[in-house]
>>> print(open('input.tsv').read())   # TSV, C-alpha atoms
chain	number	residue	atom	x	y	z
A	1	MET	CA	0.00	0.00	0.00
A	2	LYS	CA	1.32	3.45	-0.94
A	3	TYR	CA	1.73	5.83	1.97
A	4	GLY	CA	-0.84	8.25	0.57
A	5	SER	CA	-3.48	5.51	0.66
A	6	HIS	CA	-2.33	4.37	4.09
A	7	LEU	CA	-2.57	7.93	5.44
A	8	SER	CA	-6.06	8.40	3.98
A	9	GLN	CA	-7.15	5.14	5.56
A	10	GLN	CA	-5.74	6.09	8.96
A	11	LYS	CA	-7.32	9.55	8.88
A	12	THR	CA	-10.80	7.99	8.87
A	13	GLU	CA	-10.16	6.84	12.45
A	14	PHE	CA	-9.73	10.43	13.67
A	15	PRO	CA	-12.50	12.88	14.65
A	16	ASP	CA	-13.74	15.29	12.00
A	17	ALA	CA	-12.13	18.24	13.81
A	18	TRP	CA	-8.67	16.76	13.22
A	19	GLN	CA	-8.97	16.20	9.47
A	20	ALA	CA	-7.99	19.68	8.26
A	21	HIS	CA	-4.81	19.66	10.36
A	22	PHE	CA	-3.09	16.68	8.73
A	23	VAL	CA	-0.19	17.25	6.38
A	24	ASP	CA	-1.54	17.42	2.81
A	25	TYR	CA	0.73	14.65	1.56
A	26	ASP	CA	-1.10	14.28	-1.75
A	27	SER	CA	-0.56	17.95	-2.66
A	28	LEU	CA	3.16	17.73	-1.84
A	29	LYS	CA	3.51	14.60	-3.93
A	30	ARG	CA	1.51	16.11	-6.79
A	31	PHE	CA	3.79	19.16	-6.84
A	32	LEU	CA	6.86	16.95	-7.06
A	33	LYS	CA	5.38	14.74	-9.79
A	34	THR	CA	4.20	17.60	-11.97
A	35	GLN	CA	6.87	20.24	-11.40
A	36	MET	CA	10.08	18.32	-10.77
A	37	VAL	CA	10.01	15.96	-13.72
A	38	ASP	CA	13.42	15.68	-15.43
A	39	THR	CA	15.08	18.07	-12.98
A	40	SER	CA	17.43	15.73	-11.11
A	41	VAL	CA	20.99	17.01	-10.94
A	42	HIS	CA	22.15	13.54	-9.97
A	43	LEU	CA	22.80	12.71	-13.61
A	44	ALA	CA	24.21	9.25	-12.97
A	45	THR	CA	20.76	8.01	-11.95
A	46	ALA	CA	18.62	10.47	-13.97
A	47	PHE	CA	19.36	8.74	-17.28
A	48	PRO	CA	19.16	5.09	-18.41
A	49	ARG	CA	22.27	3.01	-17.78
A	50	SER	CA	22.81	2.76	-21.51
A	51	HIS	CA	23.05	6.56	-21.86
A	52	THR	CA	26.49	7.96	-22.72
A	53	PHE	CA	27.59	11.50	-21.96
A	54	ALA	CA	29.77	12.42	-24.94
A	55	TRP	CA	32.73	14.77	-24.80
A	56	ASN	CA	32.39	17.99	-26.78
A	57	ALA	CA	35.53	20.02	-27.42
A	58	ASP	CA	33.55	23.17	-28.22
A	59	PRO	CA	32.53	24.81	-24.92
A	60	SER	CA	29.89	26.96	-26.63
A	61	SER	CA	27.91	23.91	-27.73
A	62	ASP	CA	28.66	21.59	-24.83
A	63	GLN	CA	25.36	19.75	-24.30
A	64	PHE	CA	26.52	18.39	-20.94
A	65	ALA	CA	27.14	21.84	-19.47
A	66	ASN	CA	23.88	23.18	-20.93
A	67	LEU	CA	21.92	20.21	-19.58
A	68	LEU	CA	23.40	20.56	-16.11
A	69	GLY	CA	22.88	24.31	-16.09
A	70	ALA	CA	19.22	23.99	-17.09
A	71	ARG	CA	18.54	21.40	-14.40
A	72	LEU	CA	20.35	23.40	-11.72
A	73	ALA	CA	18.30	26.46	-12.66
A	74	ARG	CA	15.02	24.56	-12.32
A	75	VAL	CA	16.00	22.92	-9.05
A	76	SER	CA	17.21	26.22	-7.58
A	77	SER	CA	13.75	27.64	-8.27
A	78	LEU	CA	11.53	24.68	-7.42
A	79	THR	CA	13.23	23.38	-4.25
A	80	PRO	CA	12.72	26.61	-2.25
A	81	GLU	CA	9.07	26.61	-3.38
A	82	PHE	CA	8.67	23.02	-2.18
A	83	VAL	CA	10.33	23.83	1.15
A	84	ARG	CA	7.93	26.75	1.68
A	85	MET	CA	4.98	24.43	0.96
A	86	LEU	CA	6.34	21.86	3.40
A	87	ASP	CA	6.99	24.51	6.06
A	88	ALA	CA	3.34	25.57	5.85
A	89	GLU	CA	2.17	21.96	6.33
A	90	VAL	CA	4.51	21.36	9.28
A	91	THR	CA	3.44	24.64	10.91
A	92	LYS	CA	-0.21	23.64	10.48
A	93	PHE	CA	0.00	20.24	12.13
A	94	ASN	CA	2.46	21.43	14.81
A	95	ALA	CA	0.07	24.21	15.86
A	96	TYR	CA	-2.80	21.76	16.22
A	97	PHE	CA	-0.56	19.39	18.18
A	98	VAL	CA	0.18	22.16	20.69
A	99	GLN	CA	-3.53	22.94	21.01
A	100	VAL	CA	-4.59	19.34	21.57
A	101	LYS	CA	-1.56	18.52	23.75
A	102	ASP	CA	-2.52	21.12	26.35
A	103	ALA	CA	-6.07	19.78	26.59
A	104	THR	CA	-4.86	16.17	26.73
A	105	LYS	CA	-2.28	16.96	29.39
A	106	ALA	CA	-4.93	18.67	31.52
A	107	LYS	CA	-7.22	15.62	31.23
A	108	ILE	CA	-4.39	13.24	32.18
A	109	GLY	CA	-3.36	15.51	35.07
A	110	ARG	CA	-6.86	15.32	36.52
A	111	ALA	CA	-6.95	11.54	36.09
A	112	LEU	CA	-3.62	11.23	37.94
A	113	ASP	CA	-4.48	13.69	40.73
A	114	PRO	CA	-3.92	11.71	43.97
A	115	GLU	CA	-6.86	13.53	45.59
A	116	HIS	CA	-9.18	12.52	42.77
A	117	MET	CA	-10.64	9.01	42.44
A	118	PRO	CA	-11.24	8.61	38.70
A	119	GLU	CA	-13.67	6.18	37.16
A	120	VAL	CA	-12.44	3.62	34.63
A	121	ALA	CA	-14.16	5.52	31.80
A	122	GLU	CA	-12.25	8.70	32.68
A	123	LEU	CA	-8.90	6.90	32.66
A	124	GLU	CA	-9.73	5.14	29.40
A	125	ALA	CA	-10.73	8.45	27.80
A	126	ALA	CA	-7.44	10.06	28.88
A	127	LEU	CA	-5.42	7.11	27.59
A	128	GLY	CA	-7.36	7.08	24.32
A	129	ASP	CA	-6.71	10.80	23.78
A	130	LEU	CA	-2.99	10.30	24.42
A	131	LEU	CA	-2.72	7.42	21.97
A	132	LEU	CA	-4.67	9.35	19.34
A	133	LEU	CA	-2.30	12.30	19.67
A	134	GLU	CA	0.73	10.01	19.36
A	135	ARG	CA	-0.68	8.52	16.15
A	136	PHE	CA	-1.41	11.99	14.79
A	137	VAL	CA	2.20	13.07	15.28
A	138	PHE	CA	3.72	9.90	13.84
A	139	LEU	CA	1.49	9.82	10.75
A	140	ASN	CA	2.26	13.45	9.96
A	141	PHE	CA	5.97	13.13	10.66
A	142	THR	CA	6.11	10.11	8.36
A	143	ALA	CA	4.33	12.10	5.64
A	144	VAL	CA	6.95	14.86	5.95
A	145	ALA	CA	9.86	12.38	5.85
A	146	LYS	CA	8.45	10.56	2.82
A	147	ALA	CA	7.78	13.80	0.94
A	148	LEU	CA	11.39	14.85	1.57
A	149	LYS	CA	12.60	11.47	0.38
A	150	LYS	CA	10.69	11.88	-2.89
A	151	HIS	CA	12.06	15.38	-3.31
A	152	ASP	CA	15.63	14.15	-2.87
A	153	LYS	CA	15.07	11.35	-5.36
A	154	TRP	CA	13.62	13.62	-8.06
A	155	SER	CA	15.87	16.62	-7.50
A	156	GLY	CA	19.19	14.91	-6.84
A	157	LEU	CA	19.67	17.11	-3.76
A	158	HIS	CA	19.87	15.82	-0.19
A	159	ILE	CA	17.83	18.04	2.10
A	160	ARG	CA	15.91	15.48	4.16
A	161	GLU	CA	18.28	15.15	7.12
A	162	PRO	CA	19.04	18.89	7.39
A	163	TYR	CA	15.33	19.69	7.15
A	164	LEU	CA	14.38	17.20	9.88
A	165	MET	CA	17.22	18.46	12.07
A	166	ARG	CA	15.85	21.98	11.53
A	167	ALA	CA	12.41	20.80	12.66
A	168	SER	CA	13.78	18.92	15.69
A	169	GLY	CA	13.18	21.89	17.99
A	170	LEU	CA	9.45	22.10	17.29
A	171	PRO	CA	7.01	21.12	20.07
A	172	PHE	CA	5.77	17.94	18.34
A	173	VAL	CA	9.33	16.57	18.50
A	174	VAL	CA	10.64	17.84	21.83
A	175	SER	CA	7.43	17.50	23.85
A	176	THR	CA	8.22	14.33	25.78
A	177	SER	CA	6.07	15.17	28.81
A	178	LEU	CA	3.10	13.18	27.50
A	179	LEU	CA	5.25	10.10	26.87
A	180	LYS	CA	6.45	10.28	30.46
A	181	LEU	CA	2.86	10.44	31.70
A	182	LYS	CA	1.82	7.28	29.84
A	183	PRO	CA	3.36	4.77	32.31
A	184	GLU	CA	1.73	6.60	35.24
A	185	LEU	CA	-1.63	6.58	33.49
A	186	LEU	CA	-1.37	2.87	32.68
A	187	ALA	CA	-0.39	2.07	36.27
A	188	ARG	CA	-3.37	4.05	37.60
A	189	LEU	CA	-5.74	2.29	35.22
A	190	THR	CA	-4.30	-1.08	36.22
A	191	ALA	CA	-4.83	-0.28	39.89
A	192	VAL	CA	-8.41	0.98	39.41
A	193	LEU	CA	-9.42	-2.02	37.31
A	194	GLY	CA	-7.75	-4.39	39.77
A	195	GLY	CA	-9.59	-2.78	42.67
A	196	LYS	CA	-12.94	-3.07	40.91
A	197	HIS	CA	-12.41	-6.81	40.50
A	198	GLY	CA	-11.08	-7.51	43.96
A	199	VAL	CA	-7.41	-7.39	43.07
A	200	GLU	CA	-5.16	-5.01	44.92
A	201	ALA	CA	-2.44	-3.43	42.83
A	202	ASN	CA	0.25	-4.78	45.16
A	203	ASP	CA	-1.17	-8.31	44.88
A	204	ILE	CA	-0.57	-8.57	41.14
A	205	ALA	CA	1.62	-11.58	40.49
A	206	PRO	CA	5.30	-10.61	40.19
A	207	ALA	CA	5.59	-12.73	37.05
A	208	ASN	CA	3.22	-10.33	35.33
A	209	ARG	CA	5.06	-7.20	36.37
A	210	PRO	CA	7.71	-5.50	34.26
A	211	ALA	CA	11.07	-6.21	35.85
A	212	GLY	CA	12.19	-3.68	38.43
A	213	GLU	CA	9.17	-1.41	38.06
A	214	GLY	CA	6.53	-2.74	40.43
A	215	ILE	CA	3.23	-2.47	38.58
A	216	GLU	CA	4.39	0.34	36.34
A	217	PRO	CA	4.34	-0.88	32.72
A	218	THR	CA	7.32	-0.59	30.48
A	219	ARG	CA	7.29	2.01	27.79
A	220	GLY	CA	4.99	1.04	24.93
A	221	ALA	CA	3.76	-2.11	26.68
A	222	LEU	CA	0.37	-2.90	28.14
A	223	PRO	CA	0.35	-4.98	31.36
A	224	SER	CA	-1.33	-8.35	31.08
A	225	ASP	CA	-3.30	-7.51	34.23
A	226	LEU	CA	-4.86	-4.56	32.43
A	227	THR	CA	-6.23	-6.83	29.73
A	228	ARG	CA	-7.62	-9.38	32.18
A	229	ALA	CA	-9.00	-6.95	34.77
A	230	GLY	CA	-11.90	-5.73	32.54
A	231	PRO	CA	-14.61	-6.03	31.28
A	232	SER	CA	-14.76	-2.65	29.60
A	233	ALA	CA	-16.28	-1.83	26.23
A	234	ASN	CA	-13.52	0.68	25.46
A	235	LEU	CA	-10.55	-1.39	26.57
A	236	GLY	CA	-10.28	-3.66	23.50
A	237	PRO	CA	-9.40	-0.89	21.02
A	238	LEU	CA	-6.97	0.62	23.52
A	239	VAL	CA	-5.20	-2.72	23.90
A	240	GLU	CA	-4.83	-2.95	20.13
A	241	LEU	CA	-3.43	0.57	19.93
A	242	MET	CA	-0.93	-0.06	22.71
A	243	HIS	CA	0.37	-3.15	20.93
A	244	GLU	CA	0.77	-1.38	17.58
A	245	THR	CA	4.36	-1.03	16.44
A	246	GLN	CA	6.00	1.00	13.70
A	247	THR	CA	8.65	-0.66	11.55
A	248	VAL	CA	11.54	1.62	10.68
A	249	MET	CA	14.58	0.93	8.49
A	250	VAL	CA	17.70	2.91	9.46
A	251	SER	CA	21.10	3.01	7.79
A	252	LEU	CA	24.17	5.04	8.74
A	253	ARG	CA	27.36	5.10	6.68
A	254	GLY	CA	30.55	6.84	7.72
A	255	PRO	CA	34.34	6.76	8.08
A	256	HIS	CA	34.58	6.24	11.84
A	257	GLY	CA	34.39	2.47	12.17
A	258	THR	CA	32.64	1.10	15.24
A	259	ASP	CA	31.60	4.59	16.37
A	260	ILE	CA	29.01	4.45	13.58
A	261	ILE	CA	27.60	1.22	15.01
A	262	GLY	CA	27.73	2.51	18.56
A	263	GLY	CA	25.98	5.74	17.59
A	264	VAL	CA	23.04	3.95	16.01
A	265	LEU	CA	22.71	1.43	18.84
A	266	SER	CA	22.82	4.21	21.45
A	267	CYS	CA	19.88	5.95	19.77
A	268	LEU	CA	17.90	2.72	19.51
A	269	SER	CA	18.61	1.87	23.14
A	270	LYS	CA	17.59	5.34	24.33
A	271	HIS	CA	14.23	4.99	22.58
A	272	GLN	CA	13.80	1.31	23.50
A	273	CYS	CA	13.53	0.02	19.95
A	274	GLN	CA	13.44	-3.69	19.16
A	275	ILE	CA	15.93	-4.76	16.49
A	276	VAL	CA	14.31	-7.15	14.01
A	277	ASP	CA	17.16	-7.47	11.50
A	278	PHE	CA	20.49	-5.82	10.75
A	279	SER	CA	23.24	-5.60	8.17
A	280	LEU	CA	26.89	-4.59	8.49
A	281	SER	CA	29.62	-3.95	5.96
A	282	ARG	CA	33.09	-2.60	6.61
A	283	LEU	CA	36.00	-1.67	4.38
A	284	HIS	CA	38.92	-0.39	6.47
A	285	HIS	CA	37.35	2.40	8.57
A	286	ASP	CA	34.33	2.92	6.34
A	287	VAL	CA	31.28	1.28	7.90
A	288	THR	CA	27.68	0.92	6.77
A	289	PHE	CA	25.34	-0.26	9.52
A	290	GLY	CA	21.66	-0.90	8.78
A	291	VAL	CA	18.92	-2.01	11.13
A	292	LEU	CA	15.24	-2.84	10.83
A	293	VAL	CA	13.56	-1.94	14.11
A	294	HIS	CA	10.21	-1.84	15.81
A	295	LEU	CA	9.41	1.48	17.44
A	296	HIS	CA	6.82	0.76	20.11
A	297	ASP	CA	6.18	4.38	21.02
A	298	ARG	CA	5.53	6.84	18.23
A	299	ASP	CA	8.49	8.84	19.50
A	300	VAL	CA	9.71	10.93	16.56
A	301	ASP	CA	12.58	12.26	18.67
A	302	LEU	CA	14.43	9.09	17.58
A	303	PHE	CA	14.93	10.58	14.13
A	304	SER	CA	16.27	13.82	15.56
A	305	ASP	CA	18.82	11.89	17.62
A	306	LEU	CA	19.84	9.84	14.58
A	307	ALA	CA	20.37	13.02	12.54
A	308	LYS	CA	22.56	14.47	15.30
A	309	THR	CA	24.54	11.22	15.49
A	310	ALA	CA	25.11	11.29	11.72
A	311	GLN	CA	26.36	14.86	11.96
A	312	ARG	CA	28.69	14.02	14.87
A	313	TRP	CA	30.35	11.11	13.06
A	314	ASP	CA	30.38	12.62	9.54
A	315	GLY	CA	27.90	9.96	8.50
A	316	THR	CA	25.27	9.67	5.80
A	317	LEU	CA	21.90	8.79	7.32
A	318	SER	CA	18.93	7.22	5.57
A	319	PHE	CA	15.75	5.88	7.06
A	320	ASP	CA	12.31	4.83	5.96
A	321	VAL	CA	9.14	4.22	7.93
A	322	GLN	CA	7.72	1.00	6.53
A	323	ASP	CA	4.08	0.57	5.54
A	324	ALA	CA	1.74	-0.90	8.09
A	325	GLN	CA	1.54	-4.25	6.29
A	326	LEU	CA	5.18	-5.08	7.00
A	327	LYS	CA	4.87	-7.05	10.22
A	328	ALA	CA	7.45	-8.66	12.41
A	329	SER	CA	5.68	-12.00	12.16
A	330	LYS	CA	6.49	-12.14	8.46
A	331	LEU	CA	10.11	-11.27	9.00
A	332	ALA	CA	10.56	-13.67	11.90
A	333	SER	CA	8.66	-16.62	10.44
A	334	ALA	CA	9.73	-19.10	7.82
A	335	ALA	CA	12.66	-18.11	5.68
A	336	GLN	CA	10.54	-18.92	2.63
A	337	TYR	CA	8.73	-15.59	3.05
A	338	ALA	CA	11.93	-13.57	2.56
A	339	LEU	CA	12.98	-15.71	-0.39
A	340	SER	CA	9.64	-15.55	-2.13
A	341	GLU	CA	9.56	-11.78	-1.77
A	342	ALA	CA	12.97	-11.34	-3.40
A	343	PRO	CA	12.79	-9.73	-6.87
A	344	TYR	CA	14.46	-10.84	-10.11
A	345	ALA	CA	12.61	-13.93	-11.30
A	346	GLN	CA	14.62	-16.85	-12.68
A	347	ARG	CA	17.73	-15.89	-10.73
A	348	ALA	CA	19.46	-17.84	-8.02
A	349	LYS	CA	18.40	-16.70	-4.55
A	350	TYR	CA	20.55	-16.97	-1.45
A	351	MET	CA	19.86	-16.81	2.24
A	352	ALA	CA	22.41	-15.74	4.84
A	353	THR	CA	22.82	-16.96	8.41
A	354	VAL	CA	24.12	-15.00	11.35
A	355	VAL	CA	25.49	-16.06	14.71
A	356	ASN	CA	23.59	-14.81	17.75
A	357	GLU	CA	23.03	-15.98	21.31
A	358	ARG	CA	20.79	-18.79	20.03
A	359	GLY	CA	23.34	-20.08	17.56
A	360	LEU	CA	22.97	-19.95	13.79
A	361	SER	CA	19.68	-18.64	12.46
A	362	PRO	CA	18.47	-17.72	8.95
>>> encode(input="input.tsv", output="structure tokens")
Amino acid sequence: MKYGSHLSQQKTEFPDAWQAHFVDYDSLKRFLKTQMVDTSVHLATAFPRSHTFAWNADPSSDQFANLLGARLARVSSLTPEFVRMLDAEVTKFNAYFVQVKDATKAKIGRALDPEHMPEVAELEAALGDLLLLERFVFLNFTAVAKALKKHDKWSGLHIREPYLMRASGLPFVVSTSLLKLKPELLARLTAVLGGKHGVEANDIAPANRPAGEGIEPTRGALPSDLTRAGPSANLGPLVELMHETQTVMVSLRGPHGTDIIGGVLSCLSKHQCQIVDFSLSRLHHDVTFGVLVHLHDRDVDLFSDLAKTAQRWDGTLSFDVQDAQLKASKLASAAQYALSEAPYAQRAKYMATVVNERGLSP
């Protein structure tokens, strides 16, 4: 599924009042498709492999110089126009995030007030609002990142990482206060549901508690006691939302050897990502490290940290948020799935094995 279709599908699950505040991904893509055709200054990929750039000894009729000049002129005009369009979209959804965040934070604050005894419905409503806001941010951030990726592909320029670093100071990226409130809200809901069904919070079996945190759930996880303590008509959809993951592909290439690997892993550890697959290549000090990860919280600050890491180690960063249909179960199941999905029919296909703590695995 193309991201435009995926975004349109996801938007139907949001209230009507939110609709006008989403990034207009289709308009951005339409501008790129109609205005930036045949403008790429990355000539090596802009022409078929069979194309030959011929040498011309007469500078006045040098087709290569004229071609490059014409493309540079178009890109120098169209790229600033695209950036202004994108800035307007980011400003729009960021402003609505700030507006909704304040209301959501106030609702959660009341639900967590120790002098207030909230009902289950109130806690569920607060949790539902928080999860909705997280999805809103991640869907819009992904739209921005994908639009920038298309721009870079069709223009031959590389503005995605600098642009996202520029946006890293906006409230939708740096506002981590709501993420910090989520574990408290889940713990309160667990305790209230447990009390309603004759289970004290402190009596919850240790085996069902996240290690070292009492009854407080780990980030992005929903306690098993919360799912069993119901019944509640609203709890089912919340459980599904809490267990949703985003699949992200990250690659960092640079000349600083293992510091490249360490930089990526530090970012993933900070944001508690689950590594599904990885790749590593090294030639002397030049390292390319790629990972496929599950991001359990829609915490877009991960991408800001990755951009800063790339800048620190003189690296080239690329990442892509995968479509919703790419699930870990497919990647972790039979090796036949990966082989059958490989392109290039009637070619030999190979499968690699890696050594990990469980021995050799495909």
>>> residues_around(input="input.tsv", residues="Arg188 of chain A", least_positions_apart="3", cutoff="9 Å", atoms="only C-alpha atoms", output="JSON, numbers by chain")
{"A": [111, 112, 123, 183, 184, 185, 191, 192, 193, 216]}
>>> residues_around(input="input.tsv", residues="segment 44-59 of chain A", least_positions_apart="3", cutoff="12 Å", atoms="all atoms listed in the file", output="ChimeraX atom specification")
/A:37-41,62-68,71,153-156
>>> residues_around(input="input.tsv", residues="Leu306 of chain A", least_positions_apart="5", cutoff="10 Å", atoms="all atoms listed in the file", output="PyMOL selection string")
chain A and resi 161+165+250-252+263-268+301+311-312+317-319
>>> residues_near_point(input="input.tsv", point="(10.5, 26.0, 7.9)", cutoff="12 Å", atoms="all atoms listed in the file", output="PyMOL selection string")
chain A and resi 80-92+94+144+162-170
>>> atom_distance(input="input.tsv", atom1="atom CA of His271 of chain A", atom2="atom CA of Val293 of chain A")
11.0 Å
>>> residues_around(input="input.tsv", residues="Asn140 of chain A", least_positions_apart="2", cutoff="8 Å", atoms="only C-alpha atoms", output="number ranges by chain")
A: 22-23, 93, 136-138, 142-144
